[in-house]
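Coordinates from upload-v8.tsv are shown below (TSV, C-alpha atoms and all ligand atoms).
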```
chain	number	residue	atom	x	y	z
V	62	MET	CA	70.96	129.76	100.02
V	63	LYS	CA	67.61	131.51	100.19
V	64	GLY	CA	67.54	135.13	101.32
V	65	ILE	CA	65.47	134.12	104.35
V	66	VAL	CA	68.60	132.43	105.77
V	67	PHE	CA	70.61	135.64	105.33
V	68	CYS	CA	67.79	137.71	106.87
V	69	LEU	CA	67.74	135.46	109.94
V	70	LEU	CA	71.55	135.62	110.26
V	71	ASN	CA	71.32	139.41	110.09
V	72	GLU	CA	68.66	139.35	112.84
V	73	MET	CA	70.70	137.05	115.08
V	74	VAL	CA	73.96	139.00	114.70
V	75	GLU	CA	72.21	142.33	115.40
V	76	GLU	CA	70.39	140.89	118.40
V	77	GLN	CA	73.42	139.19	119.95
V	78	PHE	CA	76.36	141.33	118.84
V	79	GLY	CA	74.76	144.70	117.91
V	80	LEU	CA	73.90	146.63	114.77
V	81	GLU	CA	77.47	147.72	114.19
V	82	ALA	CA	78.70	144.12	114.24
V	83	TRP	CA	76.48	143.26	111.26
V	84	ASP	CA	77.71	146.31	109.31
V	85	ASP	CA	81.30	145.29	110.08
V	86	LEU	CA	80.64	141.79	108.71
V	87	LEU	CA	79.13	143.22	105.51
V	88	ASP	CA	82.18	145.48	105.10
V	89	ALA	CA	84.56	142.59	105.69
V	90	VAL	CA	82.82	140.49	103.04
V	91	GLY	CA	82.28	143.42	100.65
V	92	THR	CA	78.54	142.98	100.20
V	93	ASP	CA	75.68	145.50	100.41
V	94	GLY	CA	73.62	143.24	102.69
V	95	VAL	CA	70.37	143.71	100.78
V	96	TYR	CA	68.73	140.29	101.02
V	97	VAL	CA	65.22	139.46	99.83
V	98	ALA	CA	63.75	136.41	101.60
V	99	THR	CA	62.60	134.63	98.44
V	100	GLU	CA	65.67	135.34	96.31
V	101	THR	CA	68.66	132.98	96.10
V	102	TYR	CA	72.20	134.05	96.98
V	103	ASP	CA	75.57	132.36	96.71
V	104	ASP	CA	76.29	129.80	99.47
V	105	ALA	CA	79.85	131.17	99.52
V	106	GLU	CA	78.52	134.56	100.69
V	107	LEU	CA	76.94	132.99	103.78
V	108	LEU	CA	80.15	131.11	104.55
V	109	ALA	CA	82.16	134.32	104.10
V	110	LEU	CA	79.88	136.12	106.59
V	111	VAL	CA	80.35	133.26	109.07
V	112	ALA	CA	84.14	133.33	108.56
V	113	ALA	CA	84.13	137.11	109.17
V	114	ALA	CA	82.02	136.58	112.30
V	115	GLU	CA	84.51	133.96	113.53
V	116	LYS	CA	87.33	136.47	113.09
V	117	ALA	CA	85.41	139.27	114.81
V	118	THR	CA	84.10	137.30	117.79
V	119	GLY	CA	86.77	134.62	118.26
V	120	ILE	CA	83.94	132.06	118.35
V	121	ALA	CA	84.63	129.04	116.11
V	122	ALA	CA	82.65	129.06	112.85
V	123	ALA	CA	81.05	125.68	113.62
V	124	ASP	CA	79.83	126.98	116.99
V	125	LEU	CA	78.37	130.10	115.36
V	126	VAL	CA	76.59	127.97	112.75
V	127	ARG	CA	75.26	125.66	115.49
V	128	GLN	CA	73.99	128.68	117.42
V	129	PHE	CA	72.39	129.97	114.23
V	130	GLY	CA	70.58	126.67	113.64
V	131	ALA	CA	69.06	126.83	117.12
V	132	TYR	CA	68.09	130.46	116.51
V	133	MET	CA	66.17	129.52	113.34
V	134	ILE	CA	63.69	127.18	115.05
V	135	PRO	CA	61.54	129.74	116.96
V	136	HIS	CA	61.27	131.66	113.68
V	137	PHE	CA	60.16	128.51	111.84
V	138	ALA	CA	57.74	127.64	114.65
V	139	LYS	CA	56.09	131.02	114.16
V	140	ASN	CA	56.11	131.13	110.38
V	141	TYR	CA	55.60	127.45	109.56
V	142	ALA	CA	53.46	126.58	112.59
V	143	THR	CA	51.66	123.61	110.97
V	144	PHE	CA	54.89	121.58	110.81
V	145	PHE	CA	55.13	121.78	114.59
V	146	GLU	CA	51.45	121.60	115.54
V	147	ASN	CA	51.04	118.18	113.93
V	148	GLN	CA	53.86	116.67	115.99
V	149	THR	CA	53.78	115.45	119.56
V	150	SER	CA	57.49	114.79	120.12
V	151	LEU	CA	60.97	115.78	119.04
V	152	LYS	CA	61.47	112.39	117.40
V	153	ALA	CA	58.23	112.53	115.37
V	154	PHE	CA	59.12	116.07	114.29
V	155	LEU	CA	62.64	115.13	113.19
V	156	LEU	CA	61.27	112.10	111.31
V	157	SER	CA	59.07	114.48	109.31
V	158	VAL	CA	61.89	116.77	108.14
V	159	ASP	CA	62.97	114.87	105.02
V	160	GLN	CA	59.66	113.62	103.62
V	161	VAL	CA	57.26	116.32	104.80
V	162	ILE	CA	58.88	119.62	105.82
V	163	HIS	CA	61.62	119.89	103.23
V	164	VAL	CA	59.23	118.55	100.55
V	165	GLU	CA	56.92	121.48	101.30
V	166	VAL	CA	59.89	123.87	101.42
V	167	ARG	CA	60.89	122.62	97.95
V	168	LYS	CA	57.38	123.43	96.66
V	169	LEU	CA	57.66	126.97	98.04
V	170	TYR	CA	61.25	127.48	96.85
V	171	PRO	CA	62.03	125.16	93.91
V	172	ASP	CA	65.69	126.25	93.87
V	173	ALA	CA	66.29	125.72	97.63
V	174	GLY	CA	69.53	123.92	98.45
V	175	LEU	CA	68.22	121.23	100.76
V	176	PRO	CA	70.01	118.25	102.31
V	177	THR	CA	68.75	114.66	102.37
V	178	PHE	CA	68.14	112.76	105.58
V	179	ASP	CA	67.79	109.00	105.93
V	180	TYR	CA	66.76	107.63	109.29
V	181	GLU	CA	67.76	104.73	111.48
V	182	ASP	CA	64.98	104.23	114.00
V	183	GLU	CA	65.59	101.02	115.92
V	184	GLN	CA	64.84	101.97	119.54
V	185	ASP	CA	62.06	104.12	121.01
V	186	ASN	CA	64.55	106.42	122.73
V	187	GLU	CA	67.06	106.64	119.88
V	188	LEU	CA	67.20	108.15	116.43
V	189	THR	CA	69.96	108.48	113.87
V	190	MET	CA	69.70	111.04	111.09
V	191	ILE	CA	71.96	110.29	108.15
V	192	TYR	CA	72.77	113.69	106.71
V	193	LYS	CA	74.04	114.21	103.16
V	194	SER	CA	74.60	117.54	101.47
V	195	PRO	CA	77.28	119.08	99.25
V	196	ARG	CA	77.16	122.06	101.65
V	197	LYS	CA	78.34	119.94	104.60
V	198	LEU	CA	76.32	122.04	107.04
V	199	CYS	CA	76.13	119.37	109.73
V	200	ALA	CA	76.76	122.05	112.39
V	201	LEU	CA	73.57	123.77	111.20
V	202	ALA	CA	71.71	120.45	111.48
V	203	GLU	CA	73.04	120.05	115.04
V	204	GLY	CA	71.77	123.53	115.91
V	205	LEU	CA	68.38	122.90	114.30
V	206	ILE	CA	68.08	119.71	116.36
V	207	ALA	CA	69.02	121.61	119.54
V	208	GLY	CA	66.43	124.30	118.78
V	209	SER	CA	63.79	121.66	118.04
V	210	ALA	CA	64.53	119.85	121.31
V	211	ALA	CA	64.09	123.14	123.20
V	212	HIS	CA	60.81	123.71	121.35
V	213	PHE	CA	59.43	120.31	122.43
V	214	GLY	CA	60.99	120.59	125.92
V	215	GLU	CA	63.04	117.42	125.46
V	216	GLN	CA	66.62	116.45	126.37
V	217	TYR	CA	68.97	114.29	124.33
V	218	GLU	CA	72.58	113.28	123.96
V	219	LEU	CA	74.17	113.58	120.54
V	220	ARG	CA	76.93	111.48	118.98
V	221	HIS	CA	78.38	112.68	115.70
V	222	ASP	CA	81.38	110.41	115.12
V	223	ILE	CA	80.81	109.80	111.41
V	224	CYS	CA	81.24	113.18	109.73
V	225	MET	CA	81.79	114.53	106.22
V	226	HIS	CA	84.36	116.91	107.67
V	227	LYS	CA	86.42	113.84	108.65
V	228	GLY	CA	86.24	112.41	105.13
V	229	ASP	CA	83.12	110.25	105.50
V	230	ASP	CA	80.53	110.44	102.70
V	231	HIS	CA	77.76	111.33	105.18
V	232	CYS	CA	77.23	112.47	108.75
V	233	ALA	CA	75.48	110.25	111.27
V	234	LEU	CA	73.70	112.31	113.92
V	235	HIS	CA	72.85	109.76	116.60
V	236	MET	CA	70.52	110.89	119.36
V	237	THR	CA	69.66	109.21	122.61
V	238	LEU	CA	66.52	110.80	124.03
V	239	THR	CA	66.96	111.19	127.76
V	240	SER	CA	63.63	112.72	128.83
C	301	LIG	C1	59.77	123.78	110.16
C	301	LIG	C2	61.01	123.39	110.14
C	301	LIG	C3	61.96	123.61	108.99
C	301	LIG	C4	61.85	124.42	107.89
C	301	LIG	C5	60.71	125.36	107.53
C	301	LIG	C6	63.07	124.25	107.12
C	301	LIG	C7	63.37	124.96	105.97
C	301	LIG	C8	64.61	125.05	105.39
C	301	LIG	C9	65.04	126.07	104.46
C	301	LIG	C10	64.15	127.22	103.90
C	301	LIG	C11	66.34	125.85	104.17
C	301	LIG	C12	67.25	126.70	103.29
C	301	LIG	C13	67.29	126.26	101.86
C	301	LIG	C14	68.09	127.25	101.05
C	301	LIG	O1	68.51	128.29	101.58
C	301	LIG	O2	68.31	127.07	99.83
C	301	LIG	C15	66.74	124.68	104.94
C	301	LIG	C16	68.00	124.14	104.92
C	301	LIG	C17	68.42	123.18	105.79
C	301	LIG	N1	67.65	122.43	106.64
C	301	LIG	FE1	65.69	122.71	107.05
C	301	LIG	N2	63.88	123.33	107.73
C	301	LIG	C18	63.24	122.92	108.88
C	301	LIG	C19	63.70	122.03	109.79
C	301	LIG	C20	64.92	121.42	109.75
C	301	LIG	C21	65.46	120.54	110.77
C	301	LIG	C22	64.76	120.17	112.08
C	301	LIG	C23	66.69	120.13	110.33
C	301	LIG	C24	67.71	119.23	110.95
C	301	LIG	C25	67.50	118.30	111.74
C	301	LIG	C26	66.94	120.78	109.06
C	301	LIG	C27	68.10	120.70	108.33
C	301	LIG	C28	68.49	121.59	107.34
C	301	LIG	C29	69.87	121.79	106.92
C	301	LIG	C30	71.10	121.10	107.49
C	301	LIG	C31	69.83	122.79	105.93
C	301	LIG	C32	71.03	123.45	105.19
C	301	LIG	C33	71.17	123.05	103.76
C	301	LIG	C34	72.02	121.81	103.56
C	301	LIG	O3	72.52	121.22	104.54
C	301	LIG	O4	72.17	121.39	102.39
C	301	LIG	N3	65.84	121.55	108.73
C	301	LIG	N4	65.68	124.21	105.66
```
Spell out the structure here as structure tokens.
Amino acid sequence: MKGIVFCLLNEMVEEQFGLEAWDDLLDAVGTDGVYVATETYDDAELLALVAAAEKATGIAAADLVRQFGAYMIPHFAKNYATFFENQTSLKAFLLSVDQVIHVEVRKLYPDAGLPTFDYEDEQDNELTMIYKSPRKLCALAEGLIAGSAAHFGEQYELRHDICMHKGDDHCALHMTLTS
């Protein structure tokens, strides 16, 4: 994972749980917490921080990761504004993630660990994102979708029955747009 992800997690934990909470997580994981945005760090370190946060807060790891995904979007909207400005709707934005946004991210950070998304787009008010990644961060994808919906001021219902955490080889994130 890129350092930027760790920096944002640091920011969110400090904002929502306090400065001391972040120091406690670093102690629990045994890391110095010096993260440089463009450097790459072990995925396991991020998962260890989330596991420590689960223990400290009693909030399930998947819920924390979901919350983190939603937290990332306003940061992206500020720092990667063009990806948002070109889009008029949540659906158009989400359709651009695999072939536009993450392609550009890959150019910036050649060693980024990015997922792949295929799309099923059969109805105007529906969209399915087929998520595949060895990191199985579908909870992060759910949070990023929630944050994106808030950004575009849209409502949706999510079904996530097919899931890598249940043994499937992909996750199907099916959205019905309700606004
Ligand atoms: C402007 C918007 C976005 C930007 C700039 C962006 C950028 C990035 C970056 C920098 C990473 C981390 C790569 C690494 O640490 O090695 C990442 C990972 C990820 N992105 Fe995006 N992203 C955006 C939107 C989205 C959206 C809307 C979704 C989901 C619908 C999404 C799904 C993911 C997931 C699930 C990962 C975690 C890695 C994995 O699952 O393998 N991203 N993205």
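In terms of minimum interatomic distance to Asp104 of chain V, V:Lys63 ranks closest within V:Lys63, V:Arg220, V:His226, V:Lys193, counting all atoms listed in the file.
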TODO: Go through V:Ala210, V:Leu175, V:Val97, V:Leu169 and flag the residue nearest ligand LIG 301 (chain C), using only C-alpha atoms and all ligand atoms for the distances.
DONE: V:Leu175
- [ ] Please identify every polymer residue within 8 Å of ligand LIG 301 (chain C), using all atoms listed in the file, and present the set as a PyMOL selection string.
- [x] chain V and resi 62-66+101+134+137-138+140-142+144-145+154-155+158+162-163+166+170+172-177+190+192-206+209
TODO: Mind giving me the straight-line distance from atom CA of Phe129 of chain V to atom CA of Asp182 of chain V in Å, one decimal?
DONE: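 One can read the atom CA of Phe129 of chain V to atom CA of Asp182 of chain V distance as 26.8 Å.
Those residues positioned at most 12 Å from (83.0, 134.3, 105.3) are Leu86, Leu87, Asp88, Ala89, Val90, Gly91, Thr92, Asp103, Asp104, Ala105, Glu106, Leu107, Leu108, Ala109, Leu110, Val111, Ala112, Ala113, Ala114, Glu115, Lys116, Ala117, Ala122, Leu125 and Val126 of chain V, judged using all atoms listed in the file.
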- [ ] Return the single residue from V:Gln216, V:Glu165, V:Met236, V:Pro171 that is closest to Ile191 of chain V, with distances computed using only C-alpha atoms.
- [x] V:Met236
Open item on the list: Report as a list in words all protein, DNA and RNA residues lying within 10 Å of Thr239 of chain V, evaluated on all atoms listed in the file, omitting residues in the same chain fewer than 4 positions from it.
Closed with: Asn186, Glu187, Glu215, Gln216, Tyr217 and Glu218 of chain V
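For the residues V:Thr143, V:Thr118, V:Ser150, V:Thr237, ranking by smallest atom-to-atom distance to Phe78 of chain V using only C-alpha atoms places V:Thr118 first.
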Open item on the list: What's the separation between atom CA of Asp185 of chain V and atom CA of Thr149 of chain V, in Å to one decimal place?
Closed with: 14.1 Å
Task: Separation of atom CA of Leu151 of chain V from atom CA of Ser240 of chain V, in Å and rounded to one decimal - done: 10.6 Å
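Residue nearest Tyr180 of chain V within the list V:Ala211, V:Asp84, V:Cys224, V:Cys232: V:Cys232 [criterion: smallest interatomic distance, all atoms listed in the file].
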